[in-house]
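Notes follow the structure.
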Amino acid sequence: MSTDGQPHILAIGGGTFVSNGRFGLDPSPLLRYAFDLTGQDRPRVCFLATALGDQPERVALMYEAFGRMDAEVSHLALFPMPNMEDLRGHLLAQDLVYVTGGSVVNLLALWRAHGLDEVFAEVWRSGVVLAGQSAGALCWHSGGNTDSYGPALRPLTDGLGLLPYSCGVHYDSDAQRRPLLHSSIASGELPDGYAADEGVALHYVGTEFVQAVGSGQSGRAWRIERDGTGVKETPIEPRQLR
């Protein structure tokens, strides 16, 4: 559970892990920050790679990466069937749940088919820290934009809605992201929201955005609000993590 028992979400624009040069991944300061939010010396951590189809090689890579942290690590898979009987009980017993990137559209469809949309709302309210990158950041919000349908980005309007905002990820590394989010908010298709560059995460307590944190890169977070027929974009300097 979180240090204060309140609902926490850490939505990472990109950069949860860094390549260690040996075909493996090391946790970045952003993941360490998510661990710190639990307040536990050895937290119980469950990761979901639903957005990647629970690919065995990806699951193995994630275990290796999380194994570099002092944690009790498990994973929840839905392919070809759920890998545990009590999905709700397992998630409620965690201190941190981490969701990988991939297809947010497929992720949401599968979660809803298995009732995990309602479970995650309960898990969040109970104080389990929720975190994720890209698809794993978008999913908690009302919507954003996604390449789940193909190389040309499209708006996503049916996120879980735990956070009543739109969300932009990979905001400084994909030229399509900013203009589409702006136009979707300007038209009212998506609500006002926040975006994160690579190496930046958005930290919410309850439904309140409290700060952006960064992992030593030059990225920023952004507040995007509808303003007449357009939008107003305000930069947010992240607190740099060491």
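So you can find residues: chains in the structure tokens are A, B, ... in the order shown, residues in each start at 1, and ligands are numbered from 1 in order.
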
Report as a PDB file with C-alpha atoms, in the first residue's frame all protein, DNA and RNA residues lying within 12 Å of Arg44 in chain A, evaluated on only C-alpha atoms, omitting residues in the same chain fewer than 2 positions from it.
ATOM      1  CA  MET A   1       0.000   0.000   0.000  1.00  0.00           C
ATOM      2  CA  SER A   2       1.043   3.623  -0.383  1.00  0.00           C
ATOM      3  CA  PHE A  35       8.652   1.792  -5.256  1.00  0.00           C
ATOM      4  CA  THR A  38       4.681   2.164  -1.316  1.00  0.00           C
ATOM      5  CA  GLY A  39       6.674   2.928   1.843  1.00  0.00           C
ATOM      6  CA  GLN A  40       7.774  -0.711   1.982  1.00  0.00           C
ATOM      7  CA  ASP A  41      11.372  -1.922   2.237  1.00  0.00           C
ATOM      8  CA  ARG A  42      10.499  -4.990   0.167  1.00  0.00           C
ATOM      9  CA  CYS A  46       2.764  -7.321  -9.654  1.00  0.00           C
ATOM     10  CA  PHE A  47       3.313  -6.403 -13.290  1.00  0.00           C
ATOM     11  CA  PHE A  66      12.327  -6.152 -11.482  1.00  0.00           C
ATOM     12  CA  MET A  69      15.020  -4.278  -7.112  1.00  0.00           C
ATOM     13  CA  ASP A  70      14.401  -5.630  -3.617  1.00  0.00           C
ATOM     14  CA  ALA A  71      10.820  -6.781  -4.090  1.00  0.00           C
ATOM     15  CA  GLU A  72       8.481  -9.745  -4.065  1.00  0.00           C
ATOM     16  CA  VAL A  73       7.601  -9.875  -7.765  1.00  0.00           C
ATOM     17  CA  SER A  74       4.720 -11.600  -9.560  1.00  0.00           C
ATOM     18  CA  HIS A  75       2.881 -11.120 -12.816  1.00  0.00           C
ATOM     19  CA  HIS A  90      -3.983 -11.009  -5.831  1.00  0.00           C
ATOM     20  CA  LEU A  91      -4.070  -7.385  -6.989  1.00  0.00           C
ATOM     21  CA  LEU A  92      -5.511  -6.163  -3.688  1.00  0.00           C
ATOM     22  CA  ALA A  93      -2.647  -7.891  -1.858  1.00  0.00           C
ATOM     23  CA  GLN A  94       0.018  -5.878  -3.729  1.00  0.00           C
ATOM     24  CA  ASP A  95       1.856  -2.710  -2.770  1.00  0.00           C
ATOM     25  CA  LEU A  96       2.532  -1.715  -6.385  1.00  0.00           C
ATOM     26  CA  VAL A  97       0.997  -2.710  -9.714  1.00  0.00           C
ATOM     27  CA  TYR A  98       2.976  -1.866 -12.845  1.00  0.00           C
ATOM     28  CA  VAL A 128      -2.248   0.090  -3.915  1.00  0.00           C
ATOM     29  CA  VAL A 129       0.109   2.253  -5.999  1.00  0.00           C
TER      30      VAL A 129
END

Which residues come within 6 Å of range 215-225 of chain A, counting only C-alpha atoms, excluding same-chain residues fewer than 2 positions away, as an MDAnalysis selection string?
chainID A and resid 29 192:197 199 231:237 240:241

Find the residues near Ser142 in chain A: any atom within 7 Å, counting only C-alpha atoms, skip ones fewer than 6 places away on the same chain, and give them as a PDB file with N, CA and C atoms, in the first residue's frame.
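Listed below is the output, result.pdb:
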ATOM      1  N   THR A 157     -10.700   7.443 -26.362  1.00  0.00           N
ATOM      2  CA  THR A 157     -11.674   8.175 -25.547  1.00  0.00           C
ATOM      3  C   THR A 157     -12.316   7.321 -24.463  1.00  0.00           C
ATOM      4  N   ASP A 158     -11.881   6.061 -24.315  1.00  0.00           N
ATOM      5  CA  ASP A 158     -12.551   5.175 -23.357  1.00  0.00           C
ATOM      6  C   ASP A 158     -11.568   4.539 -22.379  1.00  0.00           C
ATOM      7  N   GLY A 159     -10.657   5.364 -21.843  1.00  0.00           N
ATOM      8  CA  GLY A 159      -9.789   4.881 -20.783  1.00  0.00           C
ATOM      9  C   GLY A 159     -10.592   4.528 -19.543  1.00  0.00           C
ATOM     10  N   LEU A 160      -9.924   3.971 -18.538  1.00  0.00           N
ATOM     11  CA  LEU A 160     -10.635   3.578 -17.314  1.00  0.00           C
ATOM     12  C   LEU A 160     -11.244   4.774 -16.597  1.00  0.00           C
ATOM     13  N   GLY A 161     -10.681   5.957 -16.760  1.00  0.00           N
ATOM     14  CA  GLY A 161     -11.270   7.161 -16.190  1.00  0.00           C
ATOM     15  C   GLY A 161     -11.095   7.306 -14.695  1.00  0.00           C
ATOM     16  N   LEU A 163      -8.661   8.775 -13.526  1.00  0.00           N
ATOM     17  CA  LEU A 163      -8.229  10.168 -13.571  1.00  0.00           C
ATOM     18  C   LEU A 163      -9.032  10.872 -14.667  1.00  0.00           C
ATOM     19  N   PRO A 164      -9.738  11.958 -14.339  1.00  0.00           N
ATOM     20  CA  PRO A 164     -10.664  12.568 -15.299  1.00  0.00           C
ATOM     21  C   PRO A 164      -9.986  13.512 -16.283  1.00  0.00           C
ATOM     22  N   TYR A 165      -8.820  13.109 -16.786  1.00  0.00           N
ATOM     23  CA  TYR A 165      -8.029  13.954 -17.676  1.00  0.00           C
ATOM     24  C   TYR A 165      -7.625  13.167 -18.923  1.00  0.00           C
ATOM     25  N   SER A 166      -7.250  13.895 -19.943  1.00  0.00           N
ATOM     26  CA  SER A 166      -6.550  13.260 -21.046  1.00  0.00           C
ATOM     27  C   SER A 166      -5.077  13.144 -20.674  1.00  0.00           C
TER      28      SER A 166
END

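Assigned to strand (DSSP E) in range 9-70 of chain A, given DSSP computed from backbone atoms, are Ile9, Leu10, Ala11, Ile12, Phe17, Val18, Ser19, Leu25, Asp26, Pro27, Arg44, Val45, Cys46, Phe47 and Leu48 of chain A.
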
Those selected residues, please, written with all heavy atoms and delivered as a short mmCIF file (atom, residue, chain, number, x, y, z; two decimals), in the first residue's frame.
data_model
loop_
_atom_site.label_atom_id
_atom_site.label_comp_id
_atom_site.auth_asym_id
_atom_site.auth_seq_id
_atom_site.Cartn_x
_atom_site.Cartn_y
_atom_site.Cartn_z
N ILE A 9 -1.24 7.29 -8.40
CA ILE A 9 -0.95 6.81 -9.75
C ILE A 9 0.29 7.53 -10.25
O ILE A 9 0.40 8.77 -10.12
CB ILE A 9 -2.14 7.05 -10.70
CG1 ILE A 9 -3.32 6.13 -10.35
CG2 ILE A 9 -1.71 6.82 -12.16
CD1 ILE A 9 -4.55 6.34 -11.20
N LEU A 10 1.22 6.77 -10.82
CA LEU A 10 2.39 7.34 -11.46
C LEU A 10 2.33 6.98 -12.94
O LEU A 10 2.51 5.81 -13.31
CB LEU A 10 3.68 6.82 -10.83
CG LEU A 10 4.96 7.52 -11.31
CD1 LEU A 10 5.00 8.97 -10.78
CD2 LEU A 10 6.21 6.77 -10.87
N ALA A 11 2.05 7.98 -13.77
CA ALA A 11 1.89 7.79 -15.22
C ALA A 11 3.17 8.24 -15.91
O ALA A 11 3.48 9.44 -15.92
CB ALA A 11 0.68 8.58 -15.72
N ILE A 12 3.90 7.31 -16.50
CA ILE A 12 5.23 7.56 -17.02
C ILE A 12 5.18 7.73 -18.54
O ILE A 12 4.69 6.86 -19.26
CB ILE A 12 6.17 6.40 -16.64
CG1 ILE A 12 6.22 6.25 -15.11
CG2 ILE A 12 7.56 6.60 -17.21
CD1 ILE A 12 6.93 4.99 -14.63
N PHE A 17 12.60 2.01 -17.75
CA PHE A 17 13.79 1.18 -17.72
C PHE A 17 14.82 1.74 -18.70
O PHE A 17 14.47 2.42 -19.65
CB PHE A 17 13.47 -0.27 -18.11
CG PHE A 17 12.48 -0.94 -17.20
CD1 PHE A 17 11.13 -1.00 -17.54
CD2 PHE A 17 12.88 -1.52 -16.01
CE1 PHE A 17 10.21 -1.61 -16.71
CE2 PHE A 17 11.97 -2.13 -15.17
CZ PHE A 17 10.64 -2.18 -15.52
N VAL A 18 16.08 1.43 -18.44
CA VAL A 18 17.16 1.84 -19.35
C VAL A 18 17.95 0.59 -19.72
O VAL A 18 18.12 -0.32 -18.91
CB VAL A 18 18.07 2.89 -18.71
CG1 VAL A 18 17.32 4.20 -18.50
CG2 VAL A 18 18.64 2.40 -17.38
N SER A 19 18.41 0.55 -20.96
CA SER A 19 19.20 -0.59 -21.42
C SER A 19 20.52 -0.62 -20.67
O SER A 19 21.17 0.42 -20.49
CB SER A 19 19.44 -0.49 -22.92
OG SER A 19 20.33 -1.50 -23.34
N LEU A 25 17.49 -4.84 -19.08
CA LEU A 25 16.96 -3.56 -18.66
C LEU A 25 17.27 -3.32 -17.19
O LEU A 25 17.17 -4.25 -16.37
CB LEU A 25 15.44 -3.51 -18.87
CG LEU A 25 14.93 -3.68 -20.30
CD1 LEU A 25 13.41 -3.76 -20.30
CD2 LEU A 25 15.40 -2.52 -21.18
N ASP A 26 17.61 -2.09 -16.88
CA ASP A 26 17.79 -1.68 -15.49
C ASP A 26 16.69 -0.70 -15.12
O ASP A 26 16.26 0.11 -15.96
CB ASP A 26 19.15 -1.00 -15.29
CG ASP A 26 20.31 -1.97 -15.35
OD1 ASP A 26 20.11 -3.15 -14.99
OD2 ASP A 26 21.42 -1.56 -15.74
N PRO A 27 16.20 -0.71 -13.87
CA PRO A 27 15.20 0.26 -13.45
C PRO A 27 15.76 1.67 -13.46
O PRO A 27 16.89 1.90 -13.04
CB PRO A 27 14.86 -0.19 -12.02
CG PRO A 27 15.33 -1.60 -11.93
CD PRO A 27 16.53 -1.69 -12.82
N ARG A 44 5.52 -5.78 -2.35
CA ARG A 44 4.93 -6.80 -3.22
C ARG A 44 4.54 -6.09 -4.51
O ARG A 44 3.73 -5.17 -4.49
CB ARG A 44 3.72 -7.43 -2.55
CG ARG A 44 4.06 -8.25 -1.30
CD ARG A 44 2.85 -8.45 -0.43
NE ARG A 44 2.37 -7.17 0.09
CZ ARG A 44 1.31 -7.02 0.88
NH1 ARG A 44 0.59 -8.07 1.23
NH2 ARG A 44 0.95 -5.83 1.30
N VAL A 45 5.10 -6.55 -5.61
CA VAL A 45 4.93 -5.88 -6.90
C VAL A 45 4.40 -6.88 -7.91
O VAL A 45 4.95 -7.97 -8.08
CB VAL A 45 6.26 -5.29 -7.40
CG1 VAL A 45 6.07 -4.62 -8.75
CG2 VAL A 45 6.84 -4.31 -6.39
N CYS A 46 3.32 -6.51 -8.58
CA CYS A 46 2.76 -7.32 -9.65
C CYS A 46 2.80 -6.51 -10.94
O CYS A 46 2.39 -5.35 -10.95
CB CYS A 46 1.33 -7.73 -9.34
SG CYS A 46 0.54 -8.73 -10.63
N PHE A 47 3.33 -7.10 -12.01
CA PHE A 47 3.31 -6.40 -13.29
C PHE A 47 2.40 -7.11 -14.27
O PHE A 47 2.16 -8.32 -14.18
CB PHE A 47 4.73 -6.24 -13.86
CG PHE A 47 5.40 -7.51 -14.33
CD1 PHE A 47 5.20 -8.00 -15.62
CD2 PHE A 47 6.25 -8.21 -13.49
CE1 PHE A 47 5.83 -9.15 -16.05
CE2 PHE A 47 6.88 -9.36 -13.91
CZ PHE A 47 6.68 -9.84 -15.20
N LEU A 48 1.86 -6.32 -15.20
CA LEU A 48 0.97 -6.84 -16.24
C LEU A 48 1.53 -6.46 -17.60
O LEU A 48 1.83 -5.29 -17.84
CB LEU A 48 -0.45 -6.28 -16.11
CG LEU A 48 -1.28 -6.78 -14.92
CD1 LEU A 48 -0.99 -5.96 -13.67
CD2 LEU A 48 -2.77 -6.72 -15.25
#

At a cut-off of 7 Å, using only C-alpha atoms, what residues contact Ser134 in chain A? Leave out same-chain residues fewer than 4 positions from it and give the result as a ChimeraX atom specification.
/A:12-14,101,138,169

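The residue that comes closest to Asp147 in chain A, out of A:Ala34, A:Ala135, A:Leu162, A:Leu107 and on the basis of only C-alpha atoms, is A:Ala135.
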
For Glu118 in chain A, list every protein, DNA or RNA residue within 10 Å, evaluated using only C-alpha atoms, and leave out those in the same chain fewer than 5 positions away; present the list as a PyMOL selection string.
chain A and resi 88+111-112+123+160

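Restricting the calculation to only C-alpha atoms, the smallest distance between Gly214 in chain A and any of A:Gly168, A:Asp86, A:Leu202, A:Asp174 is found for A:Leu202.
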
So which one's closest to Thr50 in chain A, A:Gly136, A:Gly206, A:Gly115, A:Gly230? Using only C-alpha atoms, please.
A:Gly136
